[in-house]
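Source file: upload37.tsv; contents: TSV, N, CA and C atoms.
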chain	number	residue	atom	x	y	z
F	1	MET	N	-13.58	10.75	-13.60
F	1	MET	CA	-14.89	11.37	-13.46
F	1	MET	C	-15.18	11.57	-11.98
F	2	VAL	N	-15.67	12.73	-11.64
F	2	VAL	CA	-15.96	13.05	-10.25
F	2	VAL	C	-17.38	12.62	-9.87
F	3	PHE	N	-18.33	12.86	-10.76
F	3	PHE	CA	-19.71	12.47	-10.51
F	3	PHE	C	-20.41	12.27	-11.84
F	4	ARG	N	-21.53	11.58	-11.78
F	4	ARG	CA	-22.35	11.48	-12.98
F	4	ARG	C	-23.80	11.27	-12.59
F	5	TYR	N	-24.65	11.84	-13.38
F	5	TYR	CA	-26.08	11.66	-13.22
F	5	TYR	C	-26.51	10.51	-14.11
F	6	ASP	N	-27.51	9.77	-13.67
F	6	ASP	CA	-27.89	8.54	-14.35
F	6	ASP	C	-29.40	8.36	-14.25
F	7	ASN	N	-29.99	7.79	-15.27
F	7	ASN	CA	-31.41	7.45	-15.20
F	7	ASN	C	-31.69	6.03	-15.66
F	8	VAL	N	-30.64	5.20	-15.60
F	8	VAL	CA	-30.82	3.78	-15.91
F	8	VAL	C	-31.62	3.13	-14.79
F	9	LYS	N	-32.53	2.29	-15.12
F	9	LYS	CA	-33.45	1.70	-14.14
F	9	LYS	C	-32.83	0.52	-13.41
F	10	HIS	N	-31.75	0.77	-12.64
F	10	HIS	CA	-31.11	-0.33	-11.92
F	10	HIS	C	-30.99	-0.11	-10.41
F	11	HIS	N	-31.52	0.97	-9.89
F	11	HIS	CA	-31.52	1.20	-8.44
F	11	HIS	C	-32.94	1.58	-8.01
F	12	SER	N	-33.81	0.60	-8.02
F	12	SER	CA	-35.23	0.86	-7.74
F	12	SER	C	-35.49	1.26	-6.30
F	13	ASP	N	-34.51	1.11	-5.40
F	13	ASP	CA	-34.68	1.48	-4.00
F	13	ASP	C	-34.45	2.98	-3.77
F	14	ILE	N	-33.96	3.71	-4.76
F	14	ILE	CA	-33.71	5.14	-4.64
F	14	ILE	C	-35.03	5.90	-4.74
F	15	ALA	N	-35.24	6.86	-3.87
F	15	ALA	CA	-36.51	7.61	-3.82
F	15	ALA	C	-36.83	8.33	-5.12
F	16	THR	N	-35.81	8.71	-5.87
F	16	THR	CA	-36.03	9.45	-7.11
F	16	THR	C	-35.93	8.55	-8.34
F	17	PHE	N	-36.08	7.24	-8.14
F	17	PHE	CA	-36.00	6.25	-9.22
F	17	PHE	C	-36.77	6.70	-10.44
F	18	PRO	N	-36.20	6.62	-11.61
F	18	PRO	CA	-34.92	6.03	-11.96
F	18	PRO	C	-33.73	7.00	-11.88
F	19	HIS	N	-33.98	8.26	-11.56
F	19	HIS	CA	-32.90	9.24	-11.53
F	19	HIS	C	-32.06	9.09	-10.26
F	20	HIS	N	-30.74	9.15	-10.45
F	20	HIS	CA	-29.83	9.07	-9.31
F	20	HIS	C	-28.48	9.62	-9.73
F	21	LYS	N	-27.59	9.77	-8.76
F	21	LYS	CA	-26.29	10.37	-9.00
F	21	LYS	C	-25.22	9.46	-8.40
F	22	HIS	N	-24.15	9.24	-9.16
F	22	HIS	CA	-23.00	8.48	-8.69
F	22	HIS	C	-21.91	9.48	-8.30
F	23	ILE	N	-21.45	9.41	-7.06
F	23	ILE	CA	-20.38	10.29	-6.61
F	23	ILE	C	-19.61	9.61	-5.49
F	24	SER	N	-18.30	9.61	-5.61
F	24	SER	CA	-17.41	9.04	-4.59
F	24	SER	C	-17.81	7.62	-4.17
F	25	GLY	N	-18.18	6.81	-5.13
F	25	GLY	CA	-18.55	5.43	-4.84
F	25	GLY	C	-19.92	5.26	-4.21
F	26	LYS	N	-20.67	6.34	-4.10
F	26	LYS	CA	-22.02	6.30	-3.51
F	26	LYS	C	-23.06	6.53	-4.59
F	27	ILE	N	-24.27	6.09	-4.32
F	27	ILE	CA	-25.40	6.34	-5.20
F	27	ILE	C	-26.41	7.15	-4.40
F	28	LEU	N	-26.71	8.34	-4.90
F	28	LEU	CA	-27.58	9.27	-4.18
F	28	LEU	C	-28.84	9.58	-4.99
F	29	PRO	N	-29.95	9.86	-4.30
F	29	PRO	CA	-31.14	10.31	-5.00
F	29	PRO	C	-30.85	11.63	-5.71
F	30	SER	N	-31.48	11.83	-6.84
F	30	SER	CA	-31.26	13.06	-7.59
F	30	SER	C	-32.39	13.27	-8.58
F	31	ILE	N	-32.73	14.51	-8.77
F	31	ILE	CA	-33.66	14.84	-9.85
F	31	ILE	C	-32.86	14.92	-11.14
F	32	GLU	N	-33.54	14.98	-12.25
F	32	GLU	CA	-32.85	15.18	-13.52
F	32	GLU	C	-32.37	16.63	-13.57
F	33	PRO	N	-31.06	16.85	-13.55
F	33	PRO	CA	-30.55	18.22	-13.49
F	33	PRO	C	-30.55	18.88	-14.87
F	34	ASP	N	-30.59	20.22	-14.87
F	34	ASP	CA	-30.40	20.88	-16.15
F	34	ASP	C	-28.92	21.22	-16.30
F	35	PHE	N	-28.52	21.57	-17.49
F	35	PHE	CA	-27.13	21.76	-17.81
F	35	PHE	C	-26.45	22.83	-16.96
F	36	LEU	N	-27.13	23.92	-16.67
F	36	LEU	CA	-26.53	24.99	-15.87
F	36	LEU	C	-26.24	24.54	-14.44
F	37	ILE	N	-27.09	23.70	-13.89
F	37	ILE	CA	-26.85	23.16	-12.54
F	37	ILE	C	-25.61	22.28	-12.55
F	38	ILE	N	-25.44	21.48	-13.58
F	38	ILE	CA	-24.26	20.63	-13.68
F	38	ILE	C	-22.99	21.47	-13.78
F	39	LEU	N	-23.01	22.51	-14.61
F	39	LEU	CA	-21.85	23.38	-14.74
F	39	LEU	C	-21.51	24.06	-13.41
F	40	LYS	N	-22.52	24.49	-12.68
F	40	LYS	CA	-22.29	25.12	-11.37
F	40	LYS	C	-21.66	24.11	-10.41
F	41	GLU	N	-22.13	22.89	-10.43
F	41	GLU	CA	-21.59	21.85	-9.55
F	41	GLU	C	-20.12	21.56	-9.89
F	42	ILE	N	-19.80	21.52	-11.17
F	42	ILE	CA	-18.40	21.30	-11.58
F	42	ILE	C	-17.53	22.45	-11.09
F	43	LYS	N	-18.00	23.66	-11.26
F	43	LYS	CA	-17.24	24.84	-10.83
F	43	LYS	C	-17.00	24.81	-9.32
F	44	GLU	N	-18.01	24.47	-8.54
F	44	GLU	CA	-17.87	24.40	-7.08
F	44	GLU	C	-16.88	23.31	-6.68
F	45	HIS	N	-16.94	22.18	-7.37
F	45	HIS	CA	-16.01	21.09	-7.08
F	45	HIS	C	-14.57	21.52	-7.36
F	46	GLN	N	-14.36	22.17	-8.48
F	46	GLN	CA	-13.01	22.64	-8.83
F	46	GLN	C	-12.50	23.65	-7.81
F	47	LYS	N	-13.38	24.53	-7.38
F	47	LYS	CA	-12.99	25.56	-6.41
F	47	LYS	C	-12.55	24.92	-5.10
F	48	ARG	N	-13.28	23.90	-4.64
F	48	ARG	CA	-12.94	23.21	-3.39
F	48	ARG	C	-11.60	22.49	-3.49
F	49	ASN	N	-11.33	21.91	-4.64
F	49	ASN	CA	-10.13	21.09	-4.81
F	49	ASN	C	-8.90	21.89	-5.22
F	50	TRP	N	-9.06	23.13	-5.62
F	50	TRP	CA	-7.92	23.94	-6.05
F	50	TRP	C	-7.49	24.93	-5.00
F	51	LEU	N	-8.22	25.04	-3.91
F	51	LEU	CA	-7.84	25.99	-2.84
F	51	LEU	C	-6.86	25.37	-1.89
This structure in C-alpha cells:
Amino acid sequence: MVFRYDNVKHHSDIATFPHHKHISGKILPSIEPDFLIILKEIKEHQKRNWL
C-alpha cells in the first residue's frame, strides 16, 4: 500500500483530527477525500513511479 486515508481517533495532535493520511511512514493532516480525488492521487503516483 502506498498511502491510506484514516479517520480512527488515535492521532489527536493532527490539525484535521480525526482525519489523517498515512504515507511513507508519515502521518499527515488530511480532509476526508472523495473517491475521485483518491483515484487522481493514485494515477499521479503511478505516473511518477513508471517514468
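With CA of Lys47 (chain F) on one side and atom C of His19 (chain F) on the other, the separation reads 25.5 Å.
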For this session: Do a neighbour search on Tyr5 (chain F) at 8 Å with only C-alpha atoms, toss out local chain neighbours closer than 5 positions, and write the hits as a PyMOL selection string.
Result: chain F and resi 19-22+30+32-33
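When atom N of Pro29 (chain F) is paired with CA of Trp50 (chain F), their separation reads 26.2 Å.
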Hey, could you pull the box centre and edge lengths for region 29-38 of chain F, axis-aligned, 4 Å padding per side, all listed atoms, to one decimal in Å, as lines of an AutoDock Vina configuration file?
center_x = -28.3
center_y = 17.4
center_z = -11.1
size_x = 18.7
size_y = 23.1
size_z = 21.5
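Going from atom N of Ser24 (chain F) to atom C of Arg4 (chain F) covers 9.0 Å.
Every residue of chain F with a DSSP assignment of helix (DSSP H, G or I), taken from the backbone, is listed as Phe35, Leu36, Ile37, Ile38, Leu39, Lys40, Glu41, Ile42, Lys43, Glu44, His45, Gln46, Lys47, Arg48, Asn49 and Trp50 of chain F.
Residues having any atom no farther than 7 Å from (-28.8, 5.0, -3.5) (counting all atoms listed in the file) are His11, Asp13, Ile14, Ala15, Lys26, Ile27, Leu28 and Pro29 of chain F.
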Print the selection's residues with N, CA and C atoms to a file, as a PDB file, in the coordinates of the input.
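What ended up in selection.pdb:
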ATOM      1  N   HIS F  11     -31.520   0.970  -9.890  1.00  0.00           N
ATOM      2  CA  HIS F  11     -31.520   1.200  -8.440  1.00  0.00           C
ATOM      3  C   HIS F  11     -32.940   1.580  -8.010  1.00  0.00           C
ATOM      4  N   ASP F  13     -34.510   1.110  -5.400  1.00  0.00           N
ATOM      5  CA  ASP F  13     -34.680   1.480  -4.000  1.00  0.00           C
ATOM      6  C   ASP F  13     -34.450   2.980  -3.770  1.00  0.00           C
ATOM      7  N   ILE F  14     -33.960   3.710  -4.760  1.00  0.00           N
ATOM      8  CA  ILE F  14     -33.710   5.140  -4.640  1.00  0.00           C
ATOM      9  C   ILE F  14     -35.030   5.900  -4.740  1.00  0.00           C
ATOM     10  N   ALA F  15     -35.240   6.860  -3.870  1.00  0.00           N
ATOM     11  CA  ALA F  15     -36.510   7.610  -3.820  1.00  0.00           C
ATOM     12  C   ALA F  15     -36.830   8.330  -5.120  1.00  0.00           C
ATOM     13  N   LYS F  26     -20.670   6.340  -4.100  1.00  0.00           N
ATOM     14  CA  LYS F  26     -22.020   6.300  -3.510  1.00  0.00           C
ATOM     15  C   LYS F  26     -23.060   6.530  -4.590  1.00  0.00           C
ATOM     16  N   ILE F  27     -24.270   6.090  -4.320  1.00  0.00           N
ATOM     17  CA  ILE F  27     -25.400   6.340  -5.200  1.00  0.00           C
ATOM     18  C   ILE F  27     -26.410   7.150  -4.400  1.00  0.00           C
ATOM     19  N   LEU F  28     -26.710   8.340  -4.900  1.00  0.00           N
ATOM     20  CA  LEU F  28     -27.580   9.270  -4.180  1.00  0.00           C
ATOM     21  C   LEU F  28     -28.840   9.580  -4.990  1.00  0.00           C
ATOM     22  N   PRO F  29     -29.950   9.860  -4.300  1.00  0.00           N
ATOM     23  CA  PRO F  29     -31.140  10.310  -5.000  1.00  0.00           C
ATOM     24  C   PRO F  29     -30.850  11.630  -5.710  1.00  0.00           C
TER      25      PRO F  29
END
Problem set entry | Residue contacts of Pro18 (chain F) (6 Å, only N, CA and C atoms) excluding same-chain residues fewer than 6 positions away, as a PyMOL selection string | chain F and resi 6-9
Exercise. If you run DSSP on this backbone, which residues of region 2-48 of chain F come out as strand (DSSP E), and could you give them as a PyMOL selection string?
Worked result: chain F and resi 3-6+20-23+26-29
File for chain F (C-alpha atoms), as a tab-separated table (two decimals), in the first residue's frame:
chain	number	residue	atom	x	y	z
F	1	MET	CA	0.00	0.00	0.00
F	2	VAL	CA	1.34	3.41	-0.95
F	3	PHE	CA	-0.98	5.56	1.16
F	4	ARG	CA	-4.20	5.37	3.08
F	5	TYR	CA	-6.68	7.79	4.49
F	6	ASP	CA	-7.85	7.19	8.03
F	7	ASN	CA	-10.36	8.63	10.48
F	8	VAL	CA	-9.61	6.50	13.52
F	9	LYS	CA	-9.35	8.72	16.59
F	10	HIS	CA	-5.74	7.90	17.52
F	11	HIS	CA	-3.75	10.99	16.44
F	12	SER	CA	-5.39	13.82	18.35
F	13	ASP	CA	-2.40	16.12	17.70
F	14	ILE	CA	-3.21	16.31	13.95
F	15	ALA	CA	-4.90	19.57	12.94
F	16	THR	CA	-7.56	17.72	10.94
F	17	PHE	CA	-8.33	15.22	13.74
F	18	PRO	CA	-9.69	12.62	13.38
F	19	HIS	CA	-8.94	12.65	9.63
F	20	HIS	CA	-5.36	11.98	8.57
F	21	LYS	CA	-3.31	10.25	5.91
F	22	HIS	CA	-0.60	7.59	6.24
F	23	ILE	CA	2.10	7.82	3.57
F	24	SER	CA	5.74	6.72	3.52
F	25	GLY	CA	5.77	6.08	7.26
F	26	LYS	CA	4.45	9.59	8.00
F	27	ILE	CA	1.11	10.76	9.33
F	28	LEU	CA	-0.19	13.90	7.64
F	29	PRO	CA	-3.23	16.12	8.17
F	30	SER	CA	-5.94	15.44	5.64
F	31	ILE	CA	-9.55	16.19	4.95
F	32	GLU	CA	-11.91	13.34	4.16
F	33	PRO	CA	-11.26	12.86	0.43
F	34	ASP	CA	-13.84	11.94	-2.14
F	35	PHE	CA	-13.33	8.94	-4.39
F	36	LEU	CA	-12.31	10.92	-7.49
F	37	ILE	CA	-9.54	12.70	-5.57
F	38	ILE	CA	-8.18	9.33	-4.42
F	39	LEU	CA	-8.21	7.97	-7.98
F	40	LYS	CA	-6.38	11.07	-9.22
F	41	GLU	CA	-3.77	10.67	-6.50
F	42	ILE	CA	-3.21	7.01	-7.42
F	43	LYS	CA	-2.83	7.93	-11.09
F	44	GLU	CA	-0.28	10.67	-10.29
F	45	HIS	CA	1.68	8.28	-8.08
F	46	GLN	CA	1.79	5.64	-10.82
F	47	LYS	CA	2.89	8.22	-13.37
F	48	ARG	CA	5.79	9.36	-11.15
F	49	ASN	CA	6.96	5.81	-10.48
F	50	TRP	CA	6.65	4.50	-14.04
F	51	LEU	CA	8.60	7.25	-15.80
